[in-house]
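Colleague: Got a structure here, written out as structure tokens. Questions coming.
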Amino acid sequence: MAYTFISGATGGIGKAFCLECLKSGDKLFLTGRSQQKLDLLKAELLDVYPTDIECFACDLTIDSSREKMLNYIDGKNLKFKRIINVAGVDTQMPFLDYTQEKLIFQMRVNAESTICLTHALLKRRAEKVEVLTVGSMSGVSPMPYFALYSATKAMLLNFFTALHYELKGQNVNVTTVMPGGVYTRADVCEEIKSQGVWGKISAKTPEYVAQKSLRAVKKNKVKYIPGGFNRFLYTLMKIAPKKIVLTFIAKRWKTHKKDAF
Ligand SMILES: NC(=O)c1ccc[n+]([C@@H]2O[C@H](COP(=O)([O-])OP(=O)(O)OC[C@H]3O[C@@H](n4cnc5c(N)ncnc54)[C@H](OP(=O)(O)O)[C@@H]3O)[C@@H](O)[C@H]2O)c1
């Protein structure tokens, strides 16, 4: 039986995908940077769902690390029926405060590795396959002070939307998920809390995002935005004059700083 691949499995949203997929009887292939975190996660998951779980620690920004993981996959002749791209870093600061290293790291995790890995795993696909990628509502519009994160997520949306149509009729479902706030790390939960009532209305739990996203990819939706309020915001951002949206975003995010390295 083919596996479900989950990158960023050790994070909040990744773990929720693990649990949801286990509920439907999937065998899992999980990755994150830390072997220790993966081992702990595997033990926790096996406690609830005794099944076949493969783990491989891989820094997605390092070519040789990705290659080692693919060699491991080929050594075991694993095939994939689901590819769930969750890994991402949400650094947020004025552009000039970044170091070159941080710019490259964020681009590589969020965009380059997601696309390259999807390419590699589609070559190792089962007959039917679902590709689900976690983008963000931040990718809907350019975001001053969150510019690079937003641009990487916009790239994912653009890329996977094209792929959705390119692979239509070839037994490949391709969906991009665009969550607003999701209650995961402590700093993210704090940030949602600081947004007051708006944060409360728009934020979702990782379980909600995972459940609904898996339904969306089953239906082969090109994109999915979790939560009615976020869908309303999406429409608003699309129809409102760009200048107003960008001025609002710049004012809103000017004071926020986050460094998720
Ligand atoms: N939380 C939100 O509010 C929110 C909203 C919209 C979109 N998203 C997106 O959802 C995804 C997951 O978010 P989250 O909140 O669950 O984040 P998280 O808890 O910080 O988890 C991030 C995951 O990415 C992995 N990762 C980071 N850098 C990596 C690298 N170089 N190589 C391999 N794996 C790496 C981490 O693995 P390690 O164990 O190695 O750290 C971890 O498993 C991200 O793509 C994020 O942009 C989140």
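Chain labels follow the order of the structure tokens: the first chain is A, the next B, and so on; residue numbering restarts at 1 in every chain, and ligands are counted from 1 in their shown order.
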So which residues are near ligand 1, meaning at most 8 Å away with only C-alpha atoms and all ligand atoms counted, given back as JSON, numbers by chain?

Modeller: {"A": [7, 8, 9, 10, 11, 12, 13, 14, 15, 31, 32, 33, 34, 37, 38, 57, 58, 59, 60, 61, 62, 85, 86, 87, 88, 89, 90, 105, 108, 109, 110, 134, 135, 136, 137, 138, 149, 153, 178, 179, 180, 181, 182, 183, 184, 185, 188, 189, 192, 203, 206, 260, 261]}

Colleague: Using C-alpha atoms, can you write the selected residues to a file as a short mmCIF file (atom, residue, chain, number, x, y, z; two decimals), in the first residue's frame?

Modeller:
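Result file is selection.cif:
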data_model
loop_
_atom_site.label_atom_id
_atom_site.label_comp_id
_atom_site.auth_asym_id
_atom_site.auth_seq_id
_atom_site.Cartn_x
_atom_site.Cartn_y
_atom_site.Cartn_z
CA SER A 7 6.69 17.49 5.45
CA GLY A 8 6.69 19.71 8.53
CA ALA A 9 5.13 16.77 10.38
CA THR A 10 6.65 17.85 13.70
CA GLY A 11 4.86 21.22 13.67
CA GLY A 12 1.34 22.05 14.81
CA ILE A 13 -0.43 21.74 11.46
CA GLY A 14 1.74 18.81 10.34
CA LYS A 15 0.81 16.76 13.40
CA THR A 31 9.81 14.40 7.84
CA GLY A 32 11.15 17.38 9.82
CA ARG A 33 14.68 18.44 10.74
CA SER A 34 14.94 16.79 14.13
CA LYS A 37 11.14 15.23 17.50
CA LEU A 38 10.22 12.71 14.82
CA ALA A 57 15.07 13.66 9.44
CA CYS A 58 15.85 16.02 6.60
CA ASP A 59 16.76 19.68 6.38
CA LEU A 60 14.86 20.65 3.26
CA THR A 61 17.22 23.56 2.56
CA ILE A 62 20.15 21.20 2.03
CA ASN A 85 3.55 19.90 1.91
CA VAL A 86 3.37 21.60 5.30
CA ALA A 87 6.95 22.69 6.16
CA GLY A 88 7.39 26.44 6.24
CA VAL A 89 9.00 29.28 8.18
CA ASP A 90 7.14 32.47 8.97
CA PHE A 105 16.60 29.99 4.16
CA ARG A 108 14.32 27.57 0.20
CA VAL A 109 12.04 26.06 2.85
CA ASN A 110 8.82 27.71 1.75
CA VAL A 134 -0.20 24.57 2.84
CA GLY A 135 0.10 28.13 1.57
CA SER A 136 -1.38 31.05 3.50
CA MET A 137 -3.89 33.87 3.34
CA SER A 138 -0.72 35.98 3.42
CA TYR A 149 6.79 35.17 3.51
CA LYS A 153 3.15 31.74 -0.33
CA MET A 178 -4.64 29.11 2.44
CA PRO A 179 -5.20 29.33 6.19
CA GLY A 180 -5.45 32.55 8.17
CA GLY A 181 -4.20 32.26 11.75
CA VAL A 182 -3.91 28.72 13.10
CA TYR A 183 -3.39 27.94 16.79
CA THR A 184 0.01 26.23 16.69
CA ARG A 185 3.22 27.62 18.29
CA VAL A 188 1.51 32.39 16.89
CA CYS A 189 -1.25 31.90 19.50
CA ILE A 192 -3.77 35.74 17.26
CA ALA A 203 -8.26 31.73 13.53
CA PRO A 206 -4.90 22.74 13.24
CA ALA A 260 11.03 31.57 13.46
CA PHE A 261 14.51 30.16 12.96
#

Colleague: Excluding same-chain residues fewer than 6 positions from Glu127 of chain A, what lies within 10 Å of it counting only C-alpha atoms, as a list in words?

Modeller: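 In the requested form, the answer reads Ala2, Lys79, Phe80, Lys81, Gln170, Asn171 and Val172 of chain A.
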
Colleague: Take the residues from that selection and put them in a file with C-alpha atoms, as a short mmCIF file (atom, residue, chain, number, x, y, z; two decimals), in the first residue's frame.

Modeller:
data_model
loop_
_atom_site.label_atom_id
_atom_site.label_comp_id
_atom_site.auth_asym_id
_atom_site.auth_seq_id
_atom_site.Cartn_x
_atom_site.Cartn_y
_atom_site.Cartn_z
CA ALA A 2 1.27 3.47 -0.90
CA LYS A 79 5.32 4.97 -3.50
CA PHE A 80 3.05 7.84 -2.50
CA LYS A 81 -0.69 8.32 -2.74
CA GLN A 170 -3.99 12.28 -14.98
CA ASN A 171 -5.26 10.96 -11.63
CA VAL A 172 -3.51 13.77 -9.74
#

Colleague: Mind pulling up the distance from atom CA of Ser113 of chain A to atom CA of Gly75 of chain A?

Modeller: 21.2 Å

Colleague: Can you list every residue in segment 1-96 of chain A that DSSP puts in strand (DSSP E or B), as a ChimeraX atom specification?

Modeller: /A:3-7,27-32,53-57,80-85,92

Colleague: Save the residues we just selected, C-alpha atoms, as a PDB file, in the first residue's frame?

Modeller:
ATOM      1  CA  TYR A   3       2.278   6.040   1.725  1.00  0.00           C
ATOM      2  CA  THR A   4       1.198   9.553   2.650  1.00  0.00           C
ATOM      3  CA  PHE A   5       4.181  11.925   2.730  1.00  0.00           C
ATOM      4  CA  ILE A   6       3.994  14.808   5.225  1.00  0.00           C
ATOM      5  CA  SER A   7       6.687  17.495   5.447  1.00  0.00           C
ATOM      6  CA  LYS A  27       0.615   4.582   6.207  1.00  0.00           C
ATOM      7  CA  LEU A  28       2.795   7.613   6.841  1.00  0.00           C
ATOM      8  CA  PHE A  29       6.172   8.916   5.759  1.00  0.00           C
ATOM      9  CA  LEU A  30       7.066  11.859   7.999  1.00  0.00           C
ATOM     10  CA  THR A  31       9.812  14.404   7.840  1.00  0.00           C
ATOM     11  CA  GLY A  32      11.154  17.376   9.817  1.00  0.00           C
ATOM     12  CA  ILE A  53       5.086   4.978  10.091  1.00  0.00           C
ATOM     13  CA  GLU A  54       8.383   5.849   8.404  1.00  0.00           C
ATOM     14  CA  CYS A  55      10.360   8.887   9.631  1.00  0.00           C
ATOM     15  CA  PHE A  56      13.352  10.553   8.037  1.00  0.00           C
ATOM     16  CA  ALA A  57      15.065  13.655   9.440  1.00  0.00           C
ATOM     17  CA  PHE A  80       3.053   7.841  -2.495  1.00  0.00           C
ATOM     18  CA  LYS A  81      -0.686   8.322  -2.739  1.00  0.00           C
ATOM     19  CA  ARG A  82      -0.671  11.654  -0.901  1.00  0.00           C
ATOM     20  CA  ILE A  83       1.929  14.385  -0.766  1.00  0.00           C
ATOM     21  CA  ILE A  84       1.204  16.902   1.980  1.00  0.00           C
ATOM     22  CA  ASN A  85       3.554  19.898   1.914  1.00  0.00           C
ATOM     23  CA  GLN A  92       8.356  38.523   9.686  1.00  0.00           C
TER      24      GLN A  92
END

Colleague: For Arg66 of chain A, which of A:Glu112, A:Glu130, A:Asp259, A:Glu207 is the closest residue, counting only C-alpha atoms?

Modeller: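 Ranking A:Glu112, A:Glu130, A:Asp259, A:Glu207 by distance to Arg66 of chain A, first place goes to A:Glu112.
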
Colleague: Give me, as a VMD selection string, the residues of segment 39-87 of chain A that a backbone DSSP run labels helix (DSSP H, G or I).

Modeller: chain A and resid 39 to 48 63 to 75

Colleague: Looking at A:Val174, A:Met69, A:Leu163, A:Leu96, which one is nearest to Leu117 of chain A, with distances taken over only C-alpha atoms?

Modeller: A:Met69

Colleague: For Glu67 of chain A, which of A:Cys18, A:Tyr224, A:Leu121, A:Ala111 is the closest residue, counting only C-alpha atoms?

Modeller: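 Closest to Glu67 of chain A of all the choices is A:Leu121.
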
Colleague: How far is it from atom CA of Tyr49 of chain A to atom CA of Asp187 of chain A, in Å with one decimal?

Modeller: 29.9 Å

Colleague: Set the distance at 10 Å and use only C-alpha atoms: which residues neighbour Pro144 of chain A once local chain neighbours fewer than 3 positions away are removed? I'd like the list as a list in words.

Modeller: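 Contacts, in chain order: Gln92, Met93, Pro94, Phe95, Ser141, Ala147, Leu148, Ser150, Leu246, Thr247, Phe248, Ile249, Ala250, Lys251, Arg252, Trp253 and Lys254 of chain A.
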
Colleague: Any chance you could export the current selection's C-alpha atoms as a PDB file, in the first residue's frame?

Modeller:
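The result, stored in selection.pdb:
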ATOM      1  CA  GLN A  92       8.356  38.523   9.686  1.00  0.00           C
ATOM      2  CA  MET A  93      10.423  41.715   9.844  1.00  0.00           C
ATOM      3  CA  PRO A  94      11.309  44.759   7.762  1.00  0.00           C
ATOM      4  CA  PHE A  95      13.182  43.597   4.659  1.00  0.00           C
ATOM      5  CA  SER A 141      -1.829  40.182  -1.509  1.00  0.00           C
ATOM      6  CA  ALA A 147       7.007  40.699   2.190  1.00  0.00           C
ATOM      7  CA  LEU A 148       9.099  37.585   1.690  1.00  0.00           C
ATOM      8  CA  SER A 150       3.850  36.551   1.568  1.00  0.00           C
ATOM      9  CA  LEU A 246      -1.432  47.722   0.872  1.00  0.00           C
ATOM     10  CA  THR A 247      -1.544  50.901   2.971  1.00  0.00           C
ATOM     11  CA  PHE A 248      -3.740  49.126   5.519  1.00  0.00           C
ATOM     12  CA  ILE A 249      -1.436  46.086   5.645  1.00  0.00           C
ATOM     13  CA  ALA A 250       1.699  48.243   6.006  1.00  0.00           C
ATOM     14  CA  LYS A 251       0.171  50.109   8.943  1.00  0.00           C
ATOM     15  CA  ARG A 252      -1.146  46.931  10.519  1.00  0.00           C
ATOM     16  CA  TRP A 253       2.104  44.906  10.378  1.00  0.00           C
ATOM     17  CA  LYS A 254       4.693  47.646  10.868  1.00  0.00           C
TER      18      LYS A 254
END
